[in-house]
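The next block holds one structure in the form of structure tokens; read it before the comments.
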Amino acid sequence: MEIGISTFLETTPDLQTGAIMSHAERLRNAVEEIVLADQVGLDVYGIGEHHRADYAGTSPAVVLAAAASVTKRIRLTSAVTVLSSDDPVRVYQAFSTLDGLSNGRAEIMAGRGSFIESFPLFGYSLDDYNELFEEKLDLLLKIRESEKVSWQGNFRPDIPNLGVYPRSVQSPLPVWIASGGNSESAIRAGLLGLPIAFAIIGGMPESFAPLVALYKEAARQAGHNPDTLQIATHSHGFISDTSDRAAELFFAPTQAQMNVIGRERGWSQPYSRATFDAARSMRGALYVGDSEYVAEKILLLRKNLGVTRFFLHLNVGTMPHREMLHAIELLGTKVAPIVRKELAKG
């Protein structure tokens, strides 16, 4: 089972001082985090694409490329690439370039986007939300399969038997489907035989079991071996020396950012401490606690969903960089060894 980190490169106001970290500082911090994650033995680091002031991750491949030459083993992925509002040719080229720089450690996690700022920014209509993703995923998969591409579609110019370069080191370049819990996404990924990543940020992770079953059944019907497919989850969380300390550090910035998003999306209730505490219980979706507790929750997730990869989304709002680095160190040196030891028992 792989264990890693995902982030949106948050640059929200510091709740104590009101200061806002610059995008440049957050980007440099991310490279330092990736280097440490590699050093402590974590398997993967993912950066989500967003186009708004409170996130610095508009170009995940560029940030990951900055870390590629100073890391050795860790896999580098988007989490996610908003494929619907991007050009699949450029997406492939960016990540095949990253694949070359990292000597075969790049991945693409493709999604439709739960944040929609990129659609008007790049001139796309939300009326075409589903159709854009389907068409562009089709093109991306064709590009990774063949050096020369002949393709026709509705949302970008046709490609008349042209080459797309550079080619990736990995053949094929890994492409994951990201889903927030949509059954259509699970079925699509299964039919295509692609690995899937579920964002589980609320409720109980065990409730995703029917989606996992749907994904595997779709794969089986399409002739793929469901036992060989990879399943990842991404969940918010934080690790510190004690569970109380982890909760103390994580709650306030999480509450602030969740309430910002809640107001934007018209949620009826603000994010409360009671909601937070319920979510960090053993069956909840927040992985907040000391190393032993977080490891226990990951093992429960593995038991209930059969996941092969776990992303801990470490910061929801801005947190002190030193605490982020400490959490990464604990995830790699404490949590991951506990999980691996238990799984090795069979």
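Each chain in the structure tokens gets a letter, A, B, ..., in the order shown, and its residues are numbered from 1; ligands are numbered from 1 in order too.
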
Among the residues of range 220-311 of chain A, find those DSSP assigns to strand (DSSP E or B) from the backbone and print them as a PyMOL selection string. chain A and resi 231-239+287-289+309-311

Taking 5 positions as the minimum chain separation for residues in the same chain, which residues sit within 7 Å of Leu42 in chain A when counting only C-alpha atoms? Answer as a PyMOL selection string. chain A and resi 3-4+37+74+332

I need the residues from that last selection saved to file as an mmCIF file, in the first residue's frame (with N, CA, C and O atoms), if you can.
data_model
loop_
_atom_site.group_PDB
_atom_site.id
_atom_site.type_symbol
_atom_site.label_atom_id
_atom_site.label_comp_id
_atom_site.auth_asym_id
_atom_site.auth_seq_id
_atom_site.Cartn_x
_atom_site.Cartn_y
_atom_site.Cartn_z
ATOM 1 N N ILE A 3 1.593 5.277 0.510
ATOM 2 C CA ILE A 3 1.137 6.357 1.389
ATOM 3 C C ILE A 3 1.830 7.644 0.956
ATOM 4 O O ILE A 3 3.055 7.661 0.742
ATOM 5 N N GLY A 4 1.054 8.708 0.811
ATOM 6 C CA GLY A 4 1.633 9.964 0.365
ATOM 7 C C GLY A 4 0.825 11.163 0.795
ATOM 8 O O GLY A 4 -0.028 11.086 1.688
ATOM 9 N N ALA A 37 9.517 14.507 2.045
ATOM 10 C CA ALA A 37 8.673 13.323 1.859
ATOM 11 C C ALA A 37 9.456 12.199 1.193
ATOM 12 O O ALA A 37 9.320 11.026 1.550
ATOM 13 N N ILE A 74 10.290 9.238 -4.877
ATOM 14 C CA ILE A 74 8.882 9.572 -4.689
ATOM 15 C C ILE A 74 8.202 9.842 -6.030
ATOM 16 O O ILE A 74 8.779 10.464 -6.928
ATOM 17 N N GLY A 332 5.957 9.663 7.338
ATOM 18 C CA GLY A 332 6.919 8.771 6.711
ATOM 19 C C GLY A 332 7.642 7.845 7.664
ATOM 20 O O GLY A 332 7.893 6.679 7.335
#

Do a neighbour search on Met319 in chain A at 8 Å with only C-alpha atoms, toss out local chain neighbours closer than 6 positions, and write the hits as a tab-separated table (two decimals) with all heavy atoms, in the first residue's frame.
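The resulting file, out33.tsv, is shown below:
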chain	number	residue	atom	x	y	z
A	14	ASP	N	-3.10	33.94	7.76
A	14	ASP	CA	-2.73	33.42	9.07
A	14	ASP	C	-3.74	33.92	10.08
A	14	ASP	O	-4.01	35.12	10.17
A	14	ASP	CB	-1.32	33.90	9.44
A	14	ASP	CG	-0.84	33.31	10.75
A	14	ASP	OD1	-1.34	33.74	11.81
A	14	ASP	OD2	0.03	32.43	10.73
A	249	LEU	N	-3.85	22.20	16.28
A	249	LEU	CA	-3.22	22.87	15.14
A	249	LEU	C	-4.12	22.91	13.91
A	249	LEU	O	-4.13	23.90	13.18
A	249	LEU	CB	-1.92	22.14	14.78
A	249	LEU	CG	-0.74	22.29	15.74
A	249	LEU	CD1	0.34	21.26	15.42
A	249	LEU	CD2	-0.17	23.70	15.67
A	250	PHE	N	-4.88	21.86	13.69
A	250	PHE	CA	-5.59	21.69	12.43
A	250	PHE	C	-6.98	22.30	12.41
A	250	PHE	O	-7.47	22.70	11.35
A	250	PHE	CB	-5.69	20.18	12.12
A	250	PHE	CG	-6.03	19.87	10.69
A	250	PHE	CD1	-5.17	20.22	9.66
A	250	PHE	CD2	-7.19	19.18	10.36
A	250	PHE	CE1	-5.46	19.91	8.33
A	250	PHE	CE2	-7.50	18.87	9.05
A	250	PHE	CZ	-6.63	19.23	8.03
A	253	PRO	N	-7.55	26.58	11.20
A	253	PRO	CA	-7.41	26.88	9.77
A	253	PRO	C	-8.37	26.08	8.89
A	253	PRO	O	-8.84	26.57	7.86
A	253	PRO	CB	-5.95	26.53	9.46
A	253	PRO	CG	-5.49	25.67	10.58
A	253	PRO	CD	-6.28	26.07	11.77

I need the residues of range 65-157 of chain A that end up classed as helix (DSSP H, G or I) by DSSP on the backbone, written out as a ChimeraX atom specification. /A:65-68,83-85,88-102,118-121,126-145
